[in-house]
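entry.cif (mmCIF, C-alpha atoms (C1' of nucleotides))
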```
data_work
loop_
_atom_site.label_atom_id
_atom_site.label_comp_id
_atom_site.auth_asym_id
_atom_site.auth_seq_id
_atom_site.Cartn_x
_atom_site.Cartn_y
_atom_site.Cartn_z
CA MET A 1 -36.53 -67.61 8.76
CA SER A 2 -35.64 -64.17 10.05
CA SER A 3 -31.93 -64.54 9.44
CA ARG A 4 -29.29 -61.99 10.25
CA LYS A 5 -29.02 -61.23 6.57
CA ARG A 6 -32.64 -60.21 6.52
CA ILE A 7 -32.12 -57.81 9.39
CA VAL A 8 -29.28 -56.13 7.55
CA LEU A 9 -31.40 -56.02 4.44
CA LEU A 10 -34.25 -54.36 6.29
CA ALA A 11 -31.93 -51.75 7.74
CA SER A 12 -30.62 -50.95 4.29
CA LEU A 13 -34.11 -50.71 2.96
CA ARG A 14 -35.22 -48.40 5.72
CA HIS A 15 -32.31 -46.10 5.03
CA ALA A 16 -32.92 -46.17 1.31
CA VAL A 17 -36.58 -45.34 1.80
CA ARG A 18 -35.73 -42.38 4.00
CA LEU A 19 -33.22 -41.09 1.47
CA PHE A 20 -35.82 -41.54 -1.24
CA ILE A 21 -38.32 -39.47 0.70
CA ALA A 22 -35.80 -36.72 1.42
CA GLY A 23 -34.85 -36.62 -2.25
CA ALA A 24 -38.45 -36.53 -3.33
CA SER A 25 -39.31 -33.58 -1.15
CA PHE A 26 -36.24 -31.86 -2.50
CA LEU A 27 -37.35 -32.42 -6.07
CA SER A 28 -40.81 -31.18 -5.23
CA GLN A 29 -39.34 -27.96 -3.91
CA ARG A 30 -37.36 -27.48 -7.09
CA ALA A 31 -40.44 -28.03 -9.19
CA ALA A 32 -42.35 -25.50 -7.12
CA ASP A 33 -39.55 -22.96 -7.56
CA ALA A 34 -39.53 -23.46 -11.30
CA LEU A 35 -43.27 -22.82 -11.51
CA GLY A 36 -43.10 -19.82 -9.20
CA LEU A 37 -45.19 -21.57 -6.59
CA HIS A 38 -44.62 -21.85 -2.89
CA PRO A 39 -43.97 -25.31 -1.51
CA THR A 40 -47.36 -25.26 0.15
CA ASP A 41 -49.08 -24.34 -3.10
CA MET A 42 -47.30 -27.22 -4.79
CA GLN A 43 -48.47 -29.54 -2.07
CA PHE A 44 -52.05 -28.48 -2.71
CA VAL A 45 -51.73 -29.03 -6.44
CA ASN A 46 -50.30 -32.46 -5.81
CA LEU A 47 -53.02 -33.41 -3.38
CA LEU A 48 -55.74 -32.30 -5.74
CA ASP A 49 -54.15 -34.13 -8.62
CA LEU A 50 -53.77 -37.32 -6.62
CA LEU A 51 -56.99 -37.39 -4.69
CA GLY A 52 -59.34 -35.42 -6.91
CA PRO A 53 -61.54 -32.43 -6.03
CA MET A 54 -61.75 -31.73 -2.32
CA THR A 55 -63.22 -29.20 0.07
CA PRO A 56 -60.95 -26.61 1.70
CA GLY A 57 -61.56 -28.35 4.99
CA ALA A 58 -60.20 -31.62 3.65
CA LEU A 59 -57.22 -29.79 2.25
CA ALA A 60 -56.63 -28.29 5.68
CA GLN A 61 -56.56 -31.77 7.17
CA CYS A 62 -54.28 -33.18 4.49
CA SER A 63 -51.85 -30.30 4.57
CA GLY A 64 -51.96 -29.42 8.25
CA LEU A 65 -52.67 -25.78 7.51
CA SER A 66 -55.21 -23.79 9.45
CA SER A 67 -58.50 -22.93 7.86
CA GLY A 68 -57.41 -19.37 7.23
CA GLY A 69 -54.17 -20.52 5.73
CA VAL A 70 -56.00 -22.72 3.28
CA THR A 71 -58.10 -19.77 2.16
CA VAL A 72 -54.99 -17.74 1.42
CA VAL A 73 -53.32 -20.53 -0.51
CA LEU A 74 -56.46 -21.18 -2.52
CA ASP A 75 -56.81 -17.49 -3.30
CA ARG A 76 -53.27 -17.50 -4.62
CA LEU A 77 -53.78 -20.64 -6.67
CA GLN A 78 -57.10 -19.41 -8.00
CA LYS A 79 -55.62 -16.07 -9.02
CA ALA A 80 -52.85 -17.90 -10.86
CA GLY A 81 -55.42 -20.09 -12.59
CA TYR A 82 -54.50 -23.39 -11.02
CA VAL A 83 -57.76 -24.10 -9.23
CA ARG A 84 -61.42 -23.18 -9.27
CA ARG A 85 -63.87 -23.15 -6.43
CA ARG A 86 -67.20 -24.72 -7.26
CA ARG A 87 -70.26 -25.28 -5.14
CA ASN A 88 -70.36 -28.60 -3.43
CA PRO A 89 -73.61 -30.23 -4.58
CA ALA A 90 -73.58 -32.45 -1.50
CA ASP A 91 -73.36 -29.58 0.98
CA ARG A 92 -73.97 -26.03 -0.09
CA ARG A 93 -72.14 -24.52 2.84
CA SER A 94 -68.94 -25.85 1.47
CA VAL A 95 -66.94 -25.63 -1.70
CA LEU A 96 -65.18 -28.13 -3.91
CA VAL A 97 -61.77 -27.15 -5.16
CA HIS A 98 -61.11 -28.33 -8.69
CA LEU A 99 -57.76 -28.44 -10.38
CA ASN A 100 -57.55 -26.75 -13.77
CA PRO A 101 -56.61 -29.55 -16.17
CA ALA A 102 -54.77 -27.24 -18.56
CA ARG A 103 -52.55 -25.97 -15.79
CA GLN A 104 -52.05 -29.47 -14.51
CA LYS A 105 -50.48 -30.39 -17.82
CA ARG A 106 -48.01 -27.60 -17.35
CA VAL A 107 -47.20 -28.89 -13.89
CA ASP A 108 -46.67 -32.37 -15.25
CA ALA A 109 -44.39 -31.01 -17.92
CA ASN A 110 -42.29 -29.58 -15.16
CA TYR A 111 -41.75 -33.03 -13.75
CA LYS A 112 -40.52 -34.26 -17.10
CA GLY A 113 -37.07 -34.92 -15.72
CA ALA A 114 -38.42 -37.06 -12.93
CA GLN A 115 -40.65 -38.89 -15.38
CA LYS A 116 -37.73 -39.68 -17.64
CA GLN A 117 -35.81 -40.91 -14.65
CA PHE A 118 -38.77 -43.03 -13.67
CA ALA A 119 -38.92 -44.58 -17.13
CA GLN A 120 -35.20 -45.32 -17.06
CA LEU A 121 -35.51 -46.81 -13.63
CA THR A 122 -38.45 -49.07 -14.30
CA LYS A 123 -36.83 -50.32 -17.47
CA GLN A 124 -34.42 -52.20 -15.25
CA PHE A 125 -37.15 -54.35 -13.73
CA SER A 126 -39.15 -57.28 -14.99
CA GLN A 127 -42.90 -57.08 -15.02
CA ARG A 128 -43.05 -59.50 -12.12
CA ASP A 129 -40.69 -57.36 -10.09
CA LEU A 130 -42.63 -54.22 -10.89
CA LYS A 131 -45.70 -55.90 -9.48
CA VAL A 132 -43.79 -56.62 -6.29
CA ILE A 133 -42.72 -53.01 -6.06
CA LEU A 134 -46.21 -51.77 -6.70
CA ARG A 135 -47.49 -54.03 -3.95
CA PHE A 136 -44.92 -52.55 -1.60
CA PHE A 137 -46.05 -49.01 -2.29
CA THR A 138 -49.75 -49.66 -2.13
CA ALA A 139 -49.50 -51.86 0.94
CA SER A 140 -47.35 -49.25 2.66
CA GLY A 141 -50.59 -47.53 3.45
CA ALA A 142 -48.90 -44.15 3.24
CA GLY A 143 -51.51 -43.40 0.65
CA ARG A 144 -55.06 -42.37 1.01
CA ALA A 145 -55.78 -43.49 4.54
CA PRO A 146 -53.30 -41.48 6.63
CA LEU A 147 -53.70 -38.48 4.37
CA LEU A 148 -57.28 -38.22 5.41
CA GLN A 149 -56.75 -38.79 9.09
CA ASN A 150 -57.16 -35.80 11.32
CA ARG A 151 -54.10 -33.90 12.24
CA ILE A 152 -53.06 -32.64 15.64
CA ARG A 153 -53.49 -28.95 15.09
CA LYS A 154 -56.57 -27.17 16.13
CA SER A 155 -58.84 -24.70 14.36
CA MET B 156 -41.84 -56.76 -24.64
CA SER B 157 -43.42 -53.47 -23.64
CA SER B 158 -46.94 -54.78 -23.56
CA ARG B 159 -50.03 -52.77 -22.82
CA LYS B 160 -50.22 -54.45 -19.45
CA ARG B 161 -46.84 -53.07 -18.59
CA ILE B 162 -47.93 -49.55 -19.44
CA VAL B 163 -50.90 -49.84 -17.14
CA LEU B 164 -48.66 -51.27 -14.47
CA LEU B 165 -46.24 -48.37 -14.79
CA ALA B 166 -49.07 -45.87 -14.51
CA SER B 167 -50.29 -47.54 -11.34
CA LEU B 168 -46.81 -47.57 -9.93
CA ARG B 169 -46.28 -43.91 -10.69
CA HIS B 170 -49.48 -43.04 -8.94
CA ALA B 171 -48.64 -45.22 -5.96
CA VAL B 172 -45.22 -43.65 -5.63
CA ARG B 173 -46.68 -40.18 -5.66
CA LEU B 174 -49.21 -41.11 -3.01
CA PHE B 175 -46.44 -42.65 -0.97
CA ILE B 176 -44.43 -39.44 -1.12
CA ALA B 177 -47.42 -37.31 -0.18
CA GLY B 178 -48.17 -39.59 2.73
CA ALA B 179 -44.58 -39.58 3.87
CA SER B 180 -44.35 -35.81 3.96
CA PHE B 181 -47.59 -35.80 5.89
CA LEU B 182 -46.19 -38.22 8.46
CA SER B 183 -43.05 -36.17 8.73
CA GLN B 184 -45.13 -33.10 9.56
CA ARG B 185 -46.97 -35.01 12.24
CA ALA B 186 -43.72 -36.18 13.76
CA ALA B 187 -42.39 -32.65 13.78
CA ASP B 188 -45.54 -31.41 15.50
CA ALA B 189 -45.25 -34.08 18.15
CA LEU B 190 -41.69 -33.06 18.91
CA GLY B 191 -42.49 -29.37 18.92
CA LEU B 192 -40.31 -28.78 15.90
CA HIS B 193 -41.05 -26.84 12.77
CA PRO B 194 -41.17 -28.79 9.54
CA THR B 195 -37.94 -27.14 8.46
CA ASP B 196 -36.23 -28.14 11.69
CA MET B 197 -37.38 -31.69 11.17
CA GLN B 198 -35.99 -31.63 7.67
CA PHE B 199 -32.61 -30.58 9.03
CA VAL B 200 -32.61 -33.34 11.63
CA ASN B 201 -33.46 -35.86 8.95
CA LEU B 202 -30.77 -34.64 6.62
CA LEU B 203 -28.12 -34.74 9.33
CA ASP B 204 -29.22 -38.19 10.41
CA LEU B 205 -29.17 -39.52 6.87
CA LEU B 206 -26.10 -37.84 5.47
CA GLY B 207 -23.98 -37.25 8.56
CA PRO B 208 -22.40 -34.00 9.81
CA MET B 209 -22.53 -31.17 7.30
CA THR B 210 -21.67 -27.49 7.04
CA PRO B 211 -24.44 -24.89 7.20
CA GLY B 212 -23.73 -24.13 3.58
CA ALA B 213 -24.41 -27.70 2.56
CA LEU B 214 -27.60 -27.65 4.61
CA ALA B 215 -28.63 -24.51 2.79
CA GLN B 216 -28.18 -26.31 -0.52
CA CYS B 217 -30.03 -29.42 0.60
CA SER B 218 -32.92 -27.55 2.14
CA GLY B 219 -33.18 -24.62 -0.23
CA LEU B 220 -33.04 -22.11 2.62
CA SER B 221 -30.99 -18.96 2.48
CA SER B 222 -27.80 -18.71 4.47
CA GLY B 223 -29.48 -16.56 7.09
CA GLY B 224 -32.38 -18.91 7.36
CA VAL B 225 -30.05 -21.79 8.06
CA THR B 226 -28.46 -19.85 10.88
CA VAL B 227 -31.83 -19.26 12.50
CA VAL B 228 -32.87 -22.88 12.20
CA LEU B 229 -29.55 -24.08 13.60
CA ASP B 230 -29.81 -21.64 16.50
CA ARG B 231 -33.21 -23.07 17.32
CA LEU B 232 -32.03 -26.65 17.05
CA GLN B 233 -28.92 -25.94 19.06
CA LYS B 234 -30.88 -24.23 21.80
CA ALA B 235 -33.17 -27.25 21.97
CA GLY B 236 -30.17 -29.55 22.17
CA TYR B 237 -30.59 -31.29 18.84
CA VAL B 238 -27.37 -30.21 17.19
CA ARG B 239 -23.94 -28.87 18.00
CA ARG B 240 -21.70 -26.67 15.92
CA ARG B 241 -18.10 -27.80 15.83
CA ARG B 242 -15.15 -26.39 14.00
CA ASN B 243 -14.54 -27.88 10.62
CA PRO B 244 -10.98 -29.23 10.75
CA ALA B 245 -10.79 -29.05 6.97
CA ASP B 246 -11.71 -25.36 6.76
CA ARG B 247 -11.75 -23.22 9.83
CA ARG B 248 -13.95 -20.58 8.31
CA SER B 249 -16.77 -23.05 8.33
CA VAL B 250 -18.55 -25.16 10.85
CA LEU B 251 -19.69 -28.75 10.98
CA VAL B 252 -23.14 -29.35 12.34
CA HIS B 253 -23.36 -32.55 14.39
CA LEU B 254 -26.55 -34.25 15.46
CA ASN B 255 -26.84 -35.03 19.16
CA PRO B 256 -27.14 -38.85 19.28
CA ALA B 257 -29.19 -38.82 22.48
CA ARG B 258 -31.78 -36.53 20.94
CA GLN B 259 -31.75 -38.52 17.77
CA LYS B 260 -32.92 -41.54 19.75
CA ARG B 261 -35.86 -39.52 20.93
CA VAL B 262 -36.64 -38.54 17.37
CA ASP B 263 -36.48 -42.16 16.29
CA ALA B 264 -38.80 -43.11 19.13
CA ASN B 265 -41.28 -40.68 17.68
CA TYR B 266 -41.31 -42.60 14.44
CA LYS B 267 -42.12 -45.80 16.31
CA GLY B 268 -45.49 -46.04 14.61
CA ALA B 269 -43.97 -45.80 11.20
CA GLN B 270 -41.32 -48.32 12.14
CA LYS B 271 -43.92 -50.79 13.30
CA GLN B 272 -45.79 -50.28 10.09
CA PHE B 273 -42.57 -50.83 8.20
CA ALA B 274 -41.96 -54.09 10.03
CA GLN B 275 -45.49 -55.27 9.31
CA LEU B 276 -45.14 -54.29 5.70
CA THR B 277 -41.82 -55.97 5.05
CA LYS B 278 -43.03 -59.13 6.72
CA GLN B 279 -45.20 -59.64 3.68
CA PHE B 280 -42.25 -59.95 1.34
CA SER B 281 -39.70 -62.65 0.69
CA GLN B 282 -36.05 -61.88 1.02
CA ARG B 283 -35.67 -61.98 -2.71
CA ASP B 284 -38.46 -59.48 -3.17
CA LEU B 285 -37.04 -57.19 -0.54
CA LYS B 286 -33.83 -57.12 -2.50
CA VAL B 287 -35.76 -56.10 -5.58
CA ILE B 288 -37.44 -53.33 -3.63
CA LEU B 289 -34.18 -52.15 -2.19
CA ARG B 290 -32.69 -52.04 -5.64
CA PHE B 291 -35.60 -49.90 -6.78
CA PHE B 292 -35.07 -47.37 -4.03
CA THR B 293 -31.30 -47.15 -4.34
CA ALA B 294 -31.36 -47.05 -8.12
CA SER B 295 -34.00 -44.36 -8.04
CA GLY B 296 -31.16 -41.96 -7.43
CA ALA B 297 -33.38 -39.74 -5.33
CA GLY B 298 -30.79 -40.25 -2.66
CA ARG B 299 -27.49 -38.62 -2.11
CA ALA B 300 -26.80 -37.23 -5.55
CA PRO B 301 -29.70 -34.84 -6.16
CA LEU B 302 -29.70 -33.79 -2.56
CA LEU B 303 -26.27 -32.33 -2.99
CA GLN B 304 -26.91 -30.63 -6.28
CA ASN B 305 -27.15 -26.90 -6.22
CA ARG B 306 -30.53 -25.39 -5.96
CA ILE B 307 -31.97 -22.54 -7.96
CA ARG B 308 -32.20 -19.91 -5.24
CA LYS B 309 -29.57 -17.31 -4.83
CA SER B 310 -27.64 -16.02 -1.82
"C1'" DG C 311 -88.92 -23.22 13.44
"C1'" DA C 312 -85.18 -22.40 17.07
"C1'" DG C 313 -80.71 -23.61 18.56
"C1'" DA C 314 -76.57 -25.83 17.91
"C1'" DT C 315 -73.15 -27.22 14.58
"C1'" DT C 316 -70.35 -27.19 10.52
"C1'" DG C 317 -67.63 -25.01 6.75
"C1'" DT C 318 -65.50 -21.13 4.90
"C1'" DC C 319 -63.77 -16.65 5.01
"C1'" DT C 320 -61.91 -12.23 7.31
"C1'" DT C 321 -58.72 -9.58 10.14
"C1'" DA C 322 -54.99 -8.77 13.35
"C1'" DT C 323 -50.87 -10.73 15.06
"C1'" DT C 324 -47.03 -13.72 15.31
"C1'" DT C 325 -43.20 -15.77 13.26
"C1'" DA C 326 -40.26 -17.69 9.76
"C1'" DC C 327 -37.76 -16.54 5.80
"C1'" DT C 328 -35.20 -13.52 2.61
"C1'" DA C 329 -31.81 -10.02 1.29
"C1'" DA C 330 -27.99 -7.30 2.01
"C1'" DG C 331 -24.13 -6.25 4.51
"C1'" DA C 332 -20.52 -7.33 8.35
"C1'" DT C 333 -17.12 -10.51 10.20
"C1'" DT C 334 -13.78 -14.06 10.13
"C1'" DC C 335 -10.91 -17.17 7.93
"C1'" DT C 336 -8.64 -19.03 3.63
"C1'" DT C 337 -6.23 -19.00 -0.74
"C1'" DG C 338 -3.46 -17.14 -4.30
"C1'" DT C 339 0.06 -13.84 -5.87
"C1'" DA C 340 3.68 -10.73 -5.56
"C1'" DT D 341 5.63 -12.44 4.48
"C1'" DA D 342 2.19 -9.30 3.24
"C1'" DC D 343 -1.77 -8.11 0.68
"C1'" DA D 344 -5.86 -8.66 -1.94
"C1'" DA D 345 -9.63 -11.42 -3.42
"C1'" DG D 346 -12.80 -14.89 -2.29
"C1'" DA D 347 -15.60 -17.97 0.68
"C1'" DA D 348 -18.43 -19.35 4.86
"C1'" DT D 349 -21.13 -17.95 8.43
"C1'" DC D 350 -23.60 -14.71 11.07
"C1'" DT D 351 -26.34 -10.26 11.90
"C1'" DT D 352 -30.07 -7.09 11.10
"C1'" DA D 353 -33.99 -5.02 8.85
"C1'" DG D 354 -37.85 -5.87 6.12
"C1'" DT D 355 -41.27 -8.94 3.76
"C1'" DA D 356 -44.59 -12.34 3.55
"C1'" DA D 357 -46.83 -16.58 5.00
"C1'" DA D 358 -49.23 -18.96 8.66
"C1'" DT D 359 -51.98 -18.81 13.00
"C1'" DA D 360 -55.81 -17.60 16.02
"C1'" DA D 361 -60.07 -15.77 16.99
"C1'" DG D 362 -64.19 -14.33 15.42
"C1'" DA D 363 -68.02 -13.43 11.62
"C1'" DC D 364 -71.18 -15.15 8.40
"C1'" DA D 365 -73.85 -18.57 5.92
"C1'" DA D 366 -75.89 -23.11 5.32
"C1'" DT D 367 -77.19 -27.50 7.49
"C1'" DC D 368 -78.77 -30.69 10.91
"C1'" DT D 369 -81.41 -32.02 15.11
"C1'" DC D 370 -85.00 -31.72 18.18
#
```

Output the file's structure in the form of structure tokens.
Amino acid sequence: MSSRKRIVLLASLRHAVRLFIAGASFLSQRAADALGLHPTDMQFVNLLDLLGPMTPGALAQCSGLSSGGVTVVLDRLQKAGYVRRRRNPADRRSVLVHLNPARQKRVDANYKGAQKQFAQLTKQFSQRDLKVILRFFTASGAGRAPLLQNRIRKS
Amino acid sequence: MSSRKRIVLLASLRHAVRLFIAGASFLSQRAADALGLHPTDMQFVNLLDLLGPMTPGALAQCSGLSSGGVTVVLDRLQKAGYVRRRRNPADRRSVLVHLNPARQKRVDANYKGAQKQFAQLTKQFSQRDLKVILRFFTASGAGRAPLLQNRIRKS
DNA sequence: GAGATTGTCTTATTTACTAAGATTCTTGTA
DNA sequence: TACAAGAATCTTAGTAAATAAGACAATCTC
């Protein structure tokens, strides 16, 4: 069952995945540059776009920044019109950070190249295969769960 | 051919890929923390591990750091025993940065959790499906090519 | 209602990164 | 060969982002 061929295949896959991740973080940096955002700011925008409105505390956990650092980043993003702070109806001590949809469109536009590439890429796969690939990504668990785990840093 | 189902599928896939990338960069940060490295240092180690020995100039391009920034990072990594600078036989003005294989093992050990997860994950797929997935990652082109393109920053 | 806790923000400090120039080697031309 | 122009890395001074510790406000528990 677990033939030698499969072992080689898994090694190739592992390498390809790592290259993919390195390339992705590279592209993300380029996108941030083009928008005049810092990489950290871009990370915040991405997190909010992917996971929806969050409290600064949750953003601190997801990003690994300290509480003070989050405040600074949010101030920057708010000043530039990317986010708004709204009261959290569930807990009035805290705040919910909302992404400005208009700005988000501009951010998406900046990824147009990657989106085109994505369209080209997926065109090469049957619907069945795309389902397999989707299952791989969702099952990888590198999604919601670990993002919301606590990080090591204190404060 | 391009049914509505496919469009929905592609949207899900896009979202899953983005979550995957966010989660991966999060894991990378955790790994860096655990090793006492800065995220940038970790990025360098990854790049050298994936792409082999490179000049500081190439690392500057891949990482987006300035030339001076690269020097500082390399000094740190060299002091900690992660890399060595060797003369570049092809051009003696420049230097080739080599990863220390012994240290690299330690870095790999730190990703043990992710590797286990990877093993668990791939177990759920047939060999044929794994080939499909591999093709997706390699064809994505987020590998070698864009990593070696020039970045926007100057200096 | 009092005390402890949680969530965010503020301020001072540390530290990483940038920018500009210096140094060393290479390449091309006379 | 000698010289000038260019390239790759390093050095140093200055900027800016992130941390750490503490302050303030709202919530929860007893």

Q.
Show me, as an NGL selection string, every residue of chain D with an atom at most 12 Å from chain B, counting only C-alpha atoms (C1' of nucleotides).
A. :D and (347-352)

Quick check on the file I pasted: which residues fall under the PyMOL selection byres ((chain D and resi 356) around 12)? Write them as a PDB file with C-alpha atoms (C1' of nucleotides), keeping the file's coordinate frame.
```pdb
ATOM      1  CA  HIS A  38     -44.620 -21.850  -2.890  1.00  0.00           C
ATOM      2  CA  VAL A  72     -54.990 -17.740   1.420  1.00  0.00           C
TER       3      VAL A  72
ATOM      4  C1'  DT C 325     -43.200 -15.770  13.260  1.00  0.00           C
ATOM      5  C1'  DA C 326     -40.260 -17.690   9.760  1.00  0.00           C
ATOM      6  C1'  DC C 327     -37.760 -16.540   5.800  1.00  0.00           C
ATOM      7  C1'  DT C 328     -35.200 -13.520   2.610  1.00  0.00           C
TER       8       DT C 328
ATOM      9  C1'  DG D 354     -37.850  -5.870   6.120  1.00  0.00           C
ATOM     10  C1'  DT D 355     -41.270  -8.940   3.760  1.00  0.00           C
ATOM     11  C1'  DA D 357     -46.830 -16.580   5.000  1.00  0.00           C
ATOM     12  C1'  DA D 358     -49.230 -18.960   8.660  1.00  0.00           C
TER      13       DA D 358
END
```

Q) In terms of the shortest atom-to-atom distance over all atoms listed in the file, which of B:Met197, B:Ala177, B:Leu220, B:Ala186 is closest to chain C? A)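 With all atoms listed in the file as the atom set, the closest residue is B:Leu220.
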
Q. Suppose you want the space between atom CA of Ile176 of chain B and atom CA of Phe20 of chain A; what is it in Å?
A.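 Going from atom CA of Ile176 of chain B over to atom CA of Phe20 of chain A covers 8.9 Å.
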
Q: Apply the PyMOL selection byres ((chain D and resi 368) around 12) to the structure shown and report the selected residues as a list in words.
A: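 This file, filtered by the PyMOL selection byres ((chain D and resi 368) around 12), leaves Asp91 of chain A; DG313, DA314, DT315 and DT316 of chain C; DA366, DT367, DT369 and DC370 of chain D.
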
Could you please take those selected residues and save C-alpha atoms (C1' of nucleotides) as a compact mmCIF listing (two decimals), in the coordinates of the input?
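File produced: selection-v8.txt:
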```
# COMPACT_ATOMS: atom_id res chain seq x y z
CA ASP A 91 -73.36 -29.58 0.98
C1' DG C 313 -80.71 -23.61 18.56
C1' DA C 314 -76.57 -25.83 17.91
C1' DT C 315 -73.15 -27.22 14.58
C1' DT C 316 -70.35 -27.19 10.52
C1' DA D 366 -75.89 -23.11 5.32
C1' DT D 367 -77.19 -27.50 7.49
C1' DT D 369 -81.41 -32.02 15.11
C1' DC D 370 -85.00 -31.72 18.18
```

Q | Ground truth for the PyMOL selection byres ((chain D and resi 341-343) around 10), written as a list in words | A |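 On the file shown, the PyMOL selection byres ((chain D and resi 341-343) around 10) covers DT339 and DA340 of chain C; DA344 and DA345 of chain D.
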
Q) So what do you get for atom CA of Ala80 of chain A versus atom CA of Ser63 of chain A, distance-wise? A)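 Atom CA of Ala80 of chain A sits 19.8 Å away from atom CA of Ser63 of chain A.
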
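Compared by their closest atoms to chain A, and using all atoms listed in the file, the residues B:Met209, B:Val163, B:Val228, B:Leu168 rank with B:Leu168 nearest.
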
Q) Once you count only C-alpha atoms, which residues of chain B turn out to be within 8 Å of chain A? Could you give them as a PyMOL selection string? A) chain B and resi 161+164-165+167-168+170-181+184-185+188+201-202+205+217-219+272-273+276-277+282+284-289+291-299+301-302+306-307

Q: Kindly provide, as number ranges by chain, the residues of chain C having any atom no farther than 10 Å from an atom of chain A, counting only C-alpha atoms (C1' of nucleotides).
A: C: 316-320

Q. So what do you get for atom CA of Leu229 of chain B versus atom CA of Ala32 of chain A, distance-wise?
A.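 For atom CA of Leu229 of chain B relative to atom CA of Ala32 of chain A, the distance reads 24.4 Å.
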
**Q.** Contacts of Val83 of chain A at 9 Å (only C-alpha atoms (C1' of nucleotides); same-chain gap of 3+ positions) as a list in words
**A.** Val45, Leu74, Asp75, Leu77, Gln78, Lys79, Ala80, Val97, His98, Leu99, Asn100, Pro101 and Arg103 of chain A

Q) For DA329 of chain C, which residue out of B:Asp196, B:Asp204, B:Ile162, B:Ser221 is the nearest one, using all atoms listed in the file? A)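 So, comparing all the options, the nearest one is B:Ser221.
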